[in-house]
Structures are given as C-alpha cells and as structure tokens.
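Here is start-v4.cif, consisting of mmCIF, C-alpha atoms:
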data_coords
loop_
_atom_site.group_PDB
_atom_site.id
_atom_site.type_symbol
_atom_site.label_atom_id
_atom_site.label_comp_id
_atom_site.auth_asym_id
_atom_site.auth_seq_id
_atom_site.Cartn_x
_atom_site.Cartn_y
_atom_site.Cartn_z
ATOM 1 C CA MET A 904 23.767 31.936 -27.263
ATOM 2 C CA GLY A 905 20.592 29.945 -27.854
ATOM 3 C CA LEU A 906 18.244 32.577 -26.531
ATOM 4 C CA LYS A 907 19.599 35.147 -28.990
ATOM 5 C CA ARG A 908 18.919 32.803 -31.879
ATOM 6 C CA VAL A 909 15.360 32.289 -30.649
ATOM 7 C CA VAL A 910 14.744 36.030 -30.344
ATOM 8 C CA THR A 911 16.181 36.877 -33.778
ATOM 9 C CA GLY A 912 14.292 33.921 -35.239
ATOM 10 C CA VAL A 913 10.975 35.166 -33.893
ATOM 11 C CA PHE A 914 11.372 38.937 -34.165
ATOM 12 C CA GLY A 915 13.875 39.312 -37.022
ATOM 13 C CA ASP A 916 17.552 40.348 -37.084
ATOM 14 C CA GLU A 917 16.997 43.926 -36.084
ATOM 15 C CA SER A 918 14.759 43.218 -33.062
ATOM 16 C CA PHE A 919 15.723 42.766 -29.473
ATOM 17 C CA ILE A 920 14.034 42.286 -26.121
ATOM 18 C CA THR A 921 15.329 43.163 -22.710
ATOM 19 C CA THR A 922 15.074 40.834 -19.744
ATOM 20 C CA ARG A 923 17.111 39.398 -16.973
ATOM 21 C CA LEU A 924 18.834 36.123 -17.710
ATOM 22 C CA ASP A 925 17.254 34.506 -14.611
ATOM 23 C CA SER A 926 13.831 35.528 -15.809
ATOM 24 C CA ALA A 927 14.391 34.274 -19.352
ATOM 25 C CA ILE A 928 15.650 30.893 -18.134
ATOM 26 C CA GLY A 929 12.751 30.657 -15.682
ATOM 27 C CA TRP A 930 10.302 31.381 -18.507
ATOM 28 C CA ALA A 931 11.811 28.593 -20.591
ATOM 29 C CA ARG A 932 11.935 26.116 -17.728
ATOM 30 C CA LYS A 933 8.413 26.629 -16.436
ATOM 31 C CA TYR A 934 6.878 25.777 -19.809
ATOM 32 C CA SER A 935 8.852 22.596 -20.427
ATOM 33 C CA LEU A 936 8.253 20.497 -17.351
ATOM 34 C CA PHE A 937 8.872 16.789 -17.638
ATOM 35 C CA LEU A 938 7.016 14.951 -14.895
ATOM 36 C CA TYR A 939 8.070 11.728 -13.266
ATOM 37 C CA PRO A 940 4.807 10.213 -11.966
ATOM 38 C CA PHE A 941 5.568 8.266 -8.774
ATOM 39 C CA VAL A 942 2.084 6.803 -8.516
ATOM 40 C CA THR A 943 1.262 4.405 -5.686
ATOM 41 C CA ALA A 944 -2.453 4.665 -4.962
ATOM 42 C CA CYS A 945 -5.918 5.956 -5.793
ATOM 43 C CA CYS A 946 -4.727 9.520 -6.502
ATOM 44 C CA GLY A 947 -3.255 7.979 -9.652
ATOM 45 C CA MET A 948 -6.716 7.960 -11.226
ATOM 46 C CA GLU A 949 -6.956 11.673 -10.588
ATOM 47 C CA TYR A 950 -3.505 12.203 -12.055
ATOM 48 C CA MET A 951 -4.575 10.326 -15.207
ATOM 49 C CA SER A 952 -7.700 12.436 -15.392
ATOM 50 C CA VAL A 953 -5.771 15.689 -15.157
ATOM 51 C CA SER A 954 -3.187 14.520 -17.704
ATOM 52 C CA CYS A 955 -5.712 13.528 -20.354
ATOM 53 C CA ALA A 956 -7.753 15.576 -22.777
ATOM 54 C CA HIS A 957 -10.411 16.937 -20.414
ATOM 55 C CA TYR A 958 -8.008 18.922 -18.244
ATOM 56 C CA ASP A 959 -4.988 18.677 -20.514
ATOM 57 C CA LEU A 960 -1.720 19.303 -18.693
ATOM 58 C CA ASP A 961 -0.186 19.920 -22.127
ATOM 59 C CA ARG A 962 -1.585 23.471 -22.035
ATOM 60 C CA PHE A 963 1.016 24.128 -19.342
ATOM 61 C CA GLY A 964 3.858 22.437 -21.157
ATOM 62 C CA ALA A 965 3.821 19.596 -18.667
ATOM 63 C CA ALA A 966 2.205 16.845 -20.677
ATOM 64 C CA LEU A 967 4.926 14.323 -21.210
ATOM 65 C CA PRO A 968 5.582 11.904 -18.352
ATOM 66 C CA ARG A 969 9.138 10.597 -18.252
ATOM 67 C CA PHE A 970 9.489 7.188 -16.680
ATOM 68 C CA SER A 971 13.200 7.615 -16.141
ATOM 69 C CA PRO A 972 14.130 9.931 -13.277
ATOM 70 C CA ARG A 973 17.215 11.001 -15.237
ATOM 71 C CA GLN A 974 15.021 12.601 -17.895
ATOM 72 C CA ALA A 975 12.523 14.245 -15.542
ATOM 73 C CA ASP A 976 12.576 17.518 -13.644
ATOM 74 C CA VAL A 977 9.361 17.364 -11.598
ATOM 75 C CA LEU A 978 8.849 14.456 -9.229
ATOM 76 C CA MET A 979 5.083 14.066 -8.942
ATOM 77 C CA VAL A 980 4.475 11.937 -5.844
ATOM 78 C CA VAL A 981 0.928 10.634 -6.173
ATOM 79 C CA GLY A 982 -0.557 8.440 -3.454
ATOM 80 C CA THR A 983 0.232 6.978 -0.056
ATOM 81 C CA ILE A 984 3.918 6.410 0.641
ATOM 82 C CA SER A 985 4.594 3.488 2.967
ATOM 83 C CA HIS A 986 7.778 2.974 4.926
ATOM 84 C CA LYS A 987 8.471 0.015 2.663
ATOM 85 C CA ILE A 988 8.497 2.080 -0.549
ATOM 86 C CA ALA A 989 10.164 5.147 1.032
ATOM 87 C CA PRO A 990 13.772 4.132 0.175
ATOM 88 C CA VAL A 991 12.730 3.778 -3.467
ATOM 89 C CA LEU A 992 11.223 7.265 -3.496
ATOM 90 C CA VAL A 993 14.397 8.736 -2.033
ATOM 91 C CA ARG A 994 16.528 6.921 -4.601
ATOM 92 C CA VAL A 995 14.361 8.174 -7.490
ATOM 93 C CA TYR A 996 14.684 11.714 -6.152
ATOM 94 C CA GLU A 997 18.452 11.382 -5.870
ATOM 95 C CA GLN A 998 18.690 10.096 -9.445
ATOM 96 C CA MET A 999 17.008 13.170 -10.897
ATOM 97 C CA THR A 1000 19.297 15.823 -12.285
ATOM 98 C CA GLU A 1001 19.204 19.475 -11.214
ATOM 99 C CA PRO A 1002 17.177 21.585 -11.500
ATOM 100 C CA LYS A 1003 14.389 19.500 -9.990
ATOM 101 C CA TRP A 1004 11.165 20.093 -8.153
ATOM 102 C CA VAL A 1005 8.855 17.922 -6.081
ATOM 103 C CA VAL A 1006 5.064 18.069 -5.981
ATOM 104 C CA ALA A 1007 3.153 16.292 -3.185
ATOM 105 C CA PHE A 1008 -0.093 15.248 -4.840
ATOM 106 C CA GLY A 1009 -2.916 14.440 -2.420
ATOM 107 C CA VAL A 1010 -3.176 14.565 1.352
ATOM 108 C CA CYS A 1011 -1.370 11.230 1.926
ATOM 109 C CA THR A 1012 1.832 12.595 0.443
ATOM 110 C CA CYS A 1013 1.392 15.927 2.261
ATOM 111 C CA THR A 1014 0.860 14.606 5.806
ATOM 112 C CA GLY A 1015 0.089 10.885 5.686
ATOM 113 C CA GLY A 1016 -3.627 11.725 5.538
ATOM 114 C CA PHE A 1017 -5.784 9.491 7.685
ATOM 115 C CA TYR A 1018 -3.181 6.724 7.574
ATOM 116 C CA ASP A 1019 -1.642 7.583 10.927
ATOM 117 C CA ASN A 1020 -0.345 4.061 11.440
ATOM 118 C CA TYR A 1021 2.698 1.795 11.533
ATOM 119 C CA ALA A 1022 2.936 1.500 7.751
ATOM 120 C CA THR A 1023 2.698 5.034 6.380
ATOM 121 C CA VAL A 1024 5.186 7.880 6.027
ATOM 122 C CA GLN A 1025 3.690 10.963 7.690
ATOM 123 C CA GLY A 1026 4.345 13.334 4.808
ATOM 124 C CA ILE A 1027 7.025 12.944 2.153
ATOM 125 C CA ASP A 1028 8.677 16.160 3.350
ATOM 126 C CA THR A 1029 10.173 14.003 6.108
ATOM 127 C CA LEU A 1030 12.187 12.327 3.313
ATOM 128 C CA ILE A 1031 12.735 14.841 0.494
ATOM 129 C CA PRO A 1032 12.184 18.589 0.031
ATOM 130 C CA VAL A 1033 8.757 19.473 -1.374
ATOM 131 C CA ASP A 1034 7.989 22.545 -3.511
ATOM 132 C CA VAL A 1035 4.215 22.409 -3.857
ATOM 133 C CA TYR A 1036 1.613 20.637 -1.718
ATOM 134 C CA ILE A 1037 -1.677 19.782 -3.403
ATOM 135 C CA PRO A 1038 -4.213 18.798 -0.718
ATOM 136 C CA GLY A 1039 -7.365 16.760 -1.275
ATOM 137 C CA CYS A 1040 -8.457 13.168 -1.072
ATOM 138 C CA PRO A 1041 -8.153 13.068 -3.977
ATOM 139 C CA PRO A 1042 -7.557 16.641 -5.228
ATOM 140 C CA ARG A 1043 -9.912 17.970 -7.877
ATOM 141 C CA PRO A 1044 -8.230 18.423 -11.280
ATOM 142 C CA GLU A 1045 -8.675 22.170 -10.865
ATOM 143 C CA THR A 1046 -6.682 21.987 -7.622
ATOM 144 C CA VAL A 1047 -3.929 20.117 -9.441
ATOM 145 C CA LEU A 1048 -3.836 22.715 -12.212
ATOM 146 C CA ASN A 1049 -3.685 25.440 -9.568
ATOM 147 C CA GLY A 1050 -0.797 23.616 -7.919
ATOM 148 C CA LEU A 1051 0.991 23.301 -11.239
ATOM 149 C CA MET A 1052 0.581 27.017 -11.915
ATOM 150 C CA MET A 1053 1.948 27.768 -8.446
ATOM 151 C CA LEU A 1054 4.949 25.622 -9.298
ATOM 152 C CA GLN A 1055 5.414 27.511 -12.570
ATOM 153 C CA ASP A 1056 5.227 30.767 -10.675
ATOM 154 C CA LYS A 1057 7.834 29.513 -8.234
ATOM 155 C CA ILE A 1058 10.126 28.417 -11.075
ATOM 156 C CA GLN A 1059 9.746 31.789 -12.787
ATOM 157 C CA ARG A 1060 10.694 33.709 -9.646
ATOM 158 C CA GLN A 1061 13.477 31.552 -8.289
ATOM 159 C CA LYS A 1062 17.227 32.041 -8.642
ATOM 160 C CA GLN A 1063 18.189 29.943 -11.645
ATOM 161 C CA GLU A 1064 21.109 27.543 -11.579
ATOM 162 C CA TYR A 1065 22.709 26.973 -14.953
ATOM 163 C CA MET B 1 -26.919 -28.238 15.028
ATOM 164 C CA GLY B 2 -26.069 -28.004 11.334
ATOM 165 C CA THR B 3 -25.270 -31.031 9.206
ATOM 166 C CA VAL B 4 -21.558 -30.280 8.911
ATOM 167 C CA THR B 5 -21.240 -29.581 12.626
ATOM 168 C CA ARG B 6 -23.004 -32.862 13.420
ATOM 169 C CA GLN B 7 -20.585 -34.856 11.286
ATOM 170 C CA LEU B 8 -17.588 -33.163 12.866
ATOM 171 C CA VAL B 9 -18.885 -33.749 16.396
ATOM 172 C CA GLN B 10 -19.518 -37.402 15.587
ATOM 173 C CA ASN B 11 -16.087 -37.945 14.080
ATOM 174 C CA PHE B 12 -14.019 -35.784 16.450
ATOM 175 C CA PRO B 13 -15.910 -35.852 19.762
ATOM 176 C CA ASP B 14 -12.816 -34.992 21.808
ATOM 177 C CA HIS B 15 -11.495 -32.223 19.566
ATOM 178 C CA ILE B 16 -14.515 -30.012 18.943
ATOM 179 C CA LEU B 17 -14.477 -27.420 21.715
ATOM 180 C CA GLY B 18 -17.741 -25.791 20.766
ATOM 181 C CA HIS B 19 -20.051 -24.878 17.944
ATOM 182 C CA HIS B 20 -22.816 -22.470 17.017
ATOM 183 C CA GLN B 21 -24.689 -21.283 13.968
ATOM 184 C CA ASP B 22 -26.310 -18.093 12.830
ATOM 185 C CA HIS B 23 -28.493 -17.581 9.766
ATOM 186 C CA GLY B 24 -27.424 -21.011 8.519
ATOM 187 C CA ASP B 25 -23.682 -20.313 8.835
ATOM 188 C CA GLU B 26 -22.007 -22.920 10.982
ATOM 189 C CA THR B 27 -18.997 -22.325 13.201
ATOM 190 C CA VAL B 28 -16.937 -24.905 15.047
ATOM 191 C CA LEU B 29 -14.080 -24.417 17.509
ATOM 192 C CA VAL B 30 -11.318 -26.967 17.048
ATOM 193 C CA ARG B 31 -8.383 -27.909 19.262
ATOM 194 C CA PRO B 32 -5.106 -26.847 17.585
ATOM 195 C CA GLU B 33 -3.684 -30.410 17.877
ATOM 196 C CA ALA B 34 -6.581 -31.754 15.831
ATOM 197 C CA LEU B 35 -6.615 -29.138 13.096
ATOM 198 C CA LEU B 36 -4.782 -31.205 10.497
ATOM 199 C CA SER B 37 -7.022 -34.260 10.887
ATOM 200 C CA VAL B 38 -10.178 -32.112 10.887
ATOM 201 C CA ALA B 39 -8.941 -30.299 7.782
ATOM 202 C CA ALA B 40 -8.220 -33.580 6.015
ATOM 203 C CA PHE B 41 -11.718 -34.765 6.863
ATOM 204 C CA LEU B 42 -13.308 -31.544 5.572
ATOM 205 C CA LYS B 43 -11.357 -31.715 2.335
ATOM 206 C CA GLU B 44 -11.545 -35.428 1.560
ATOM 207 C CA GLU B 45 -14.913 -36.615 2.898
ATOM 208 C CA PRO B 46 -17.165 -36.625 -0.205
ATOM 209 C CA ALA B 47 -20.225 -35.602 1.788
ATOM 210 C CA LEU B 48 -18.414 -32.397 2.814
ATOM 211 C CA ASP B 49 -15.900 -31.679 0.031
ATOM 212 C CA PHE B 50 -14.738 -28.253 1.227
ATOM 213 C CA ASN B 51 -12.459 -27.615 -1.714
ATOM 214 C CA VAL B 52 -12.056 -23.831 -1.305
ATOM 215 C CA LEU B 53 -10.258 -22.048 1.512
ATOM 216 C CA MET B 54 -11.906 -18.657 1.153
ATOM 217 C CA ASP B 55 -10.216 -16.802 3.981
ATOM 218 C CA LEU B 56 -7.767 -17.340 6.784
ATOM 219 C CA THR B 57 -7.179 -14.700 9.396
ATOM 220 C CA ALA B 58 -6.695 -14.242 13.127
ATOM 221 C CA VAL B 59 -8.153 -12.270 16.008
ATOM 222 C CA ASP B 60 -6.336 -10.980 19.076
ATOM 223 C CA TYR B 61 -8.612 -11.088 22.149
ATOM 224 C CA LEU B 62 -6.147 -9.328 24.430
ATOM 225 C CA GLY B 63 -6.847 -10.104 28.084
ATOM 226 C CA ARG B 64 -8.696 -13.335 27.361
ATOM 227 C CA GLN B 65 -7.297 -16.846 27.663
ATOM 228 C CA PRO B 66 -6.551 -18.269 25.175
ATOM 229 C CA ARG B 67 -5.576 -14.964 23.620
ATOM 230 C CA PHE B 68 -5.591 -15.667 19.866
ATOM 231 C CA GLU B 69 -8.004 -17.283 17.485
ATOM 232 C CA VAL B 70 -7.097 -18.329 13.956
ATOM 233 C CA VAL B 71 -10.214 -18.265 11.782
ATOM 234 C CA TYR B 72 -10.694 -20.337 8.639
ATOM 235 C CA HIS B 73 -13.533 -19.917 6.168
ATOM 236 C CA PHE B 74 -14.218 -22.909 3.944
ATOM 237 C CA TYR B 75 -16.547 -23.247 0.998
ATOM 238 C CA SER B 76 -17.732 -26.303 -0.877
ATOM 239 C CA LEU B 77 -18.385 -25.606 -4.533
ATOM 240 C CA GLU B 78 -20.063 -28.997 -4.859
ATOM 241 C CA HIS B 79 -22.520 -28.592 -1.963
ATOM 242 C CA ARG B 80 -22.615 -24.791 -1.877
ATOM 243 C CA ALA B 81 -21.939 -24.975 1.844
ATOM 244 C CA ARG B 82 -19.885 -22.753 4.088
ATOM 245 C CA LEU B 83 -18.082 -23.501 7.320
ATOM 246 C CA ARG B 84 -16.123 -21.357 9.722
ATOM 247 C CA VAL B 85 -13.467 -23.060 11.837
ATOM 248 C CA LYS B 86 -11.817 -21.286 14.750
ATOM 249 C CA VAL B 87 -8.690 -22.482 16.506
ATOM 250 C CA PRO B 88 -7.906 -20.898 19.889
ATOM 251 C CA LEU B 89 -4.195 -20.406 20.644
ATOM 252 C CA HIS B 90 -2.398 -19.473 23.828
ATOM 253 C CA GLU B 91 -0.171 -16.431 24.034
ATOM 254 C CA THR B 92 2.906 -18.317 25.262
ATOM 255 C CA ASN B 93 3.462 -20.284 22.070
ATOM 256 C CA PRO B 94 1.024 -19.253 19.347
ATOM 257 C CA GLU B 95 1.630 -22.001 16.841
ATOM 258 C CA VAL B 96 -0.632 -24.204 14.740
ATOM 259 C CA ASP B 97 -0.213 -26.610 11.827
ATOM 260 C CA SER B 98 -0.086 -25.136 8.357
ATOM 261 C CA LEU B 99 -2.917 -25.989 5.980
ATOM 262 C CA THR B 100 -0.755 -25.620 2.874
ATOM 263 C CA PRO B 101 -0.702 -29.419 2.257
ATOM 264 C CA PHE B 102 -4.484 -29.298 1.691
ATOM 265 C CA TRP B 103 -5.125 -25.817 0.299
ATOM 266 C CA LYS B 104 -2.377 -23.963 -1.551
ATOM 267 C CA ALA B 105 -4.263 -20.739 -0.905
ATOM 268 C CA ALA B 106 -3.260 -21.059 2.747
ATOM 269 C CA ASN B 107 0.341 -20.164 1.890
ATOM 270 C CA TRP B 108 0.038 -16.379 1.587
ATOM 271 C CA TYR B 109 -2.783 -16.107 4.172
ATOM 272 C CA GLU B 110 -0.603 -17.805 6.756
ATOM 273 C CA ARG B 111 2.311 -15.541 5.910
ATOM 274 C CA GLU B 112 0.027 -12.551 6.426
ATOM 275 C CA VAL B 113 -1.146 -13.870 9.802
ATOM 276 C CA TRP B 114 2.492 -14.437 10.797
ATOM 277 C CA ASP B 115 3.338 -10.907 9.640
ATOM 278 C CA MET B 116 0.481 -9.177 11.437
ATOM 279 C CA PHE B 117 -0.094 -11.357 14.525
ATOM 280 C CA GLY B 118 3.100 -13.344 15.000
ATOM 281 C CA ILE B 119 1.353 -16.716 14.895
ATOM 282 C CA ARG B 120 3.612 -19.461 13.526
ATOM 283 C CA PHE B 121 2.426 -22.222 11.209
ATOM 284 C CA THR B 122 4.358 -25.482 11.469
ATOM 285 C CA GLY B 123 5.024 -27.143 8.148
ATOM 286 C CA HIS B 124 4.680 -23.945 6.139
ATOM 287 C CA PRO B 125 7.090 -24.005 3.137
ATOM 288 C CA GLY B 126 8.426 -20.451 3.655
ATOM 289 C CA LEU B 127 7.037 -18.579 6.623
ATOM 290 C CA LYS B 128 8.340 -15.027 6.205
ATOM 291 C CA ARG B 129 6.733 -11.601 6.223
ATOM 292 C CA ILE B 130 4.557 -10.912 3.193
ATOM 293 C CA LEU B 131 3.431 -7.268 3.535
ATOM 294 C CA LEU B 132 5.973 -5.648 5.828
ATOM 295 C CA TYR B 133 9.733 -5.543 5.387
ATOM 296 C CA GLU B 134 12.171 -7.847 7.129
ATOM 297 C CA GLU B 135 13.558 -5.007 9.290
ATOM 298 C CA PHE B 136 10.154 -4.462 10.928
ATOM 299 C CA GLU B 137 10.069 -5.453 14.599
ATOM 300 C CA GLY B 138 6.924 -6.868 16.153
ATOM 301 C CA HIS B 139 3.520 -7.674 14.751
ATOM 302 C CA PRO B 140 1.391 -4.561 14.290
ATOM 303 C CA LEU B 141 -2.142 -6.007 14.470
ATOM 304 C CA ARG B 142 -1.568 -7.324 17.981
ATOM 305 C CA LYS B 143 -3.652 -5.245 20.361
ATOM 306 C CA ASP B 144 -0.638 -4.503 22.563
ATOM 307 C CA TYR B 145 1.430 -3.137 19.662
ATOM 308 C CA PRO B 146 2.078 0.554 20.546
ATOM 309 C CA ILE B 147 -0.108 2.641 18.241
ATOM 310 C CA LYS B 148 2.577 5.290 17.702
ATOM 311 C CA ARG B 149 5.479 2.908 17.142
ATOM 312 C CA ARG B 150 7.237 3.332 13.763
ATOM 313 C CA HIS B 151 9.998 1.431 12.002
ATOM 314 C CA PRO B 152 11.091 3.701 9.142
ATOM 315 C CA LEU B 153 13.761 2.454 6.750
ATOM 316 C CA VAL B 154 14.690 6.052 5.925
ATOM 317 C CA GLY B 155 13.745 9.351 7.525
ATOM 318 C CA PRO B 156 12.779 10.223 11.102
ATOM 319 C CA SER B 157 11.125 7.697 13.384
ATOM 320 C CA ASN B 158 7.965 9.725 14.026
#
Go ahead and express the file in the form of structure tokens.
Amino acid sequence: MGLKRVVTGVFGDESFITTRLDSAIGWARKYSLFLYPFVTACCGMEYMSVSCAHYDLDRFGAALPRFSPRQADVLMVVGTISHKIAPVLVRVYEQMTEPKWVVAFGVCTCTGGFYDNYATVQGIDTLIPVDVYIPGCPPRPETVLNGLMMLQDKIQRQKQEY
Amino acid sequence: MGTVTRQLVQNFPDHILGHHQDHGDETVLVRPEALLSVAAFLKEEPALDFNVLMDLTAVDYLGRQPRFEVVYHFYSLEHRARLRVKVPLHETNPEVDSLTPFWKAANWYEREVWDMFGIRFTGHPGLKRILLYEEFEGHPLRKDYPIKRRHPLVGPSN
C-alpha cells in the first residue's frame, strides 16, 4: 500500500516502523487539511490575518483554502450566520465528502454572540455538527492556531474511516 | 422659522402640520396626502433644489396616535441645505406615496421600510422585502414584534 512505499522511500528497503493503521491515517490527515472558508463577516479579517505570513497556517499543513466544498475537508465557518444564509451553509456542509470537520470561528458562530435577535442563528451547532469552537470577538490569531491544533489532536485520536 | 420652512408654509398652508429647527436643521411635518406635491416642490423649485435623498426611514411610536412616522432627509448640493420631512401615519392603514418618481434612491429605502416596519408605498415599482426572506412573517422593527420570535428556514425555531 501507499504507506509502505512512503516508509521504504524515507527509511530505505530494510527499515520498518510499527504503528496502528488508525494512527498512521490520522497522522496523514491532520497535516493535510484543506479548509473551506465560509466567511460572512468581520471575523474574515482575522481569518485572513491568521492565514497569511505573520501567523502562517501553512506550518500546520492547512494553508490552502478550497473554494469548492467537494475538495475541502474542514468547513471553517467565519462570521455571523443569519437565518437567510443558513440553508446555504447546510448545503455546503452536505456537499463536502467524508471525512469532514467543522470549525466554528468566532463567538457568533458558536452561540450567536450578542446578536440575540430575529435575524441570527444562535450557534451553528443548531444546524450542523461542530468539532472545534473558537471563541472571541474576533478570536486572536493565537486562539485560532490553538483551535487548529486541537482539531489536529482530535483527528489524530479519532477512529478513522477509510 | 428657517427659509425652507417658510417657503413650505407659504405654499402648503393646509398640509404642513408642524415645524421646528435645531442648530440650523429644519424639520417639517407633512400630511401624507400632500407628500407627493411637497416632494415635487422641494425637487423642482430652483430656490430649494433638493436633489439628493440622503436617507429614508421610519419610527414606530407604539402607543401614540398616529403610530408611525416616515422620515425623509433631503440635501441640496446647490444650496448646501438640509431638510428633514416627517410624515405621520396611522396604524390602521400605514401607507404613503412612493418617492421613486422623484428620487431613484427611494426605491431600496422604501423596500427596507416595508420590510422592517410594514409601511406600504403606493406607486413603488416593486415593493418586496429587501433584507429578510420572503418566508419571514411580520415586520421585526415594529415595537410590538415579539423579541424572541424566530423564523428559521432550517434548524430549530429557538
């Protein structure tokens, strides 16, 4: 299989490593995250900041945003979600292929934030399952990186579907 | 009394319900029936020449009669003058003439006021909701709109 070729390529024909298959797949998956940025509001500026050179999401293997949900495996929901846009968010989530994860970026996506009104969804977890919540209005880039590392940790430890 | 107010009172003595001014900003209250003729006068009289409709919104004075007020802010680029016009409307049939024939900017403002307050504008070319979705029931900026009421398209209702 592919993993064997990688191992012999790196360590030579005579070398081997021992691991569990779940762990090896988790290791591969957590370092090649393709984000779909669902950006609706001011948190978007913070997302741009954390993606660019200063904070550099590429260090975590999560640099490349995919603007097609079919090519992405992390749905990054950034900014206030209104009831009007909610069906679109759900459709984007449904279009993503497994395995997929969802990150709620900023307090509006986590709980609705201070928009407790007729227009705003009170937390995207009322619509789709969420893996990591990143609080803040907006979150500091360090908080986002911490959230991303928590997601990587979760991916590493989870039961892998393949 | 400001110069613009004086001209309006002279030309529409029966239709100006009241007026005041503060720090040089003039405000007149106009009967809804007379809005179109007052607007035409403001736009076309060379001494006034209010060619910009800067803002159009509404206020809900719940418990007062008449309940609603539609508020127009005009600006004259030529004379660098401002004028605020208020039109009181009763709760039973909140409806007033559209200003889209005179200022195209009125189009989206009036749709927003319809969306948020449920005030209709006769003669508007396409009076439908502009911010909310068609499935939404009611007009959320009315003071008697229940603060916890939700109309989700997907997901739970609260």
Compute the chain A side of the contact with chain B at 6 Å, counting all atoms listed in the file, and hand it back as number ranges by chain. A: 986, 1021, 1030
From the list A:Ser971, A:Ser926, A:Thr911, A:Asn1049, the nearest residue to Glu1064 (chain A) using only C-alpha atoms is A:Ser926
Apply the PyMOL selection byres ((chain A and resi 961-968) around 12) to the displayed file and report the matching residues as a ChimeraX atom specification.
/A:930-942,950-951,953-960,969-972,974-979,1047-1056
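Residue membership of the PyMOL selection byres ((chain B and resi 28) around 6) in the shown file amounts to Gly18, His19, Thr27, Leu29 and Val85 of chain B.
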Practice item. Decode the PyMOL selection byres ((chain B and resi 116) around 12) for the given file into explicit residues and return them as an MDAnalysis selection string. Key: (chainID A and resid 1021:1022) or (chainID B and resid 57:60 109:115 117:120 128:133 136:143 145)
| query | Between CA of Gln1025 (chain A) and CA of Pro1041 (chain A), what is the spacing in Å? | reply |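 Taking CA of Pro1041 (chain A) as the start and CA of Gln1025 (chain A) as the end point, the length is 16.8 Å.
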Of B:Leu99, B:Val87, B:Leu36, B:Leu42, the one nearest to Tyr75 (chain B) when counting all atoms listed in the file is B:Leu42
Just how far from CA of His79 (chain B) is CA of Leu48 (chain B), in Å to one decimal?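 CA of Leu48 (chain B) sits 7.4 Å away from CA of His79 (chain B).
Atom pair CA of Ile1031 (chain A) / CA of Thr983 (chain A) has a distance of 14.8 Å (rounded to one decimal).
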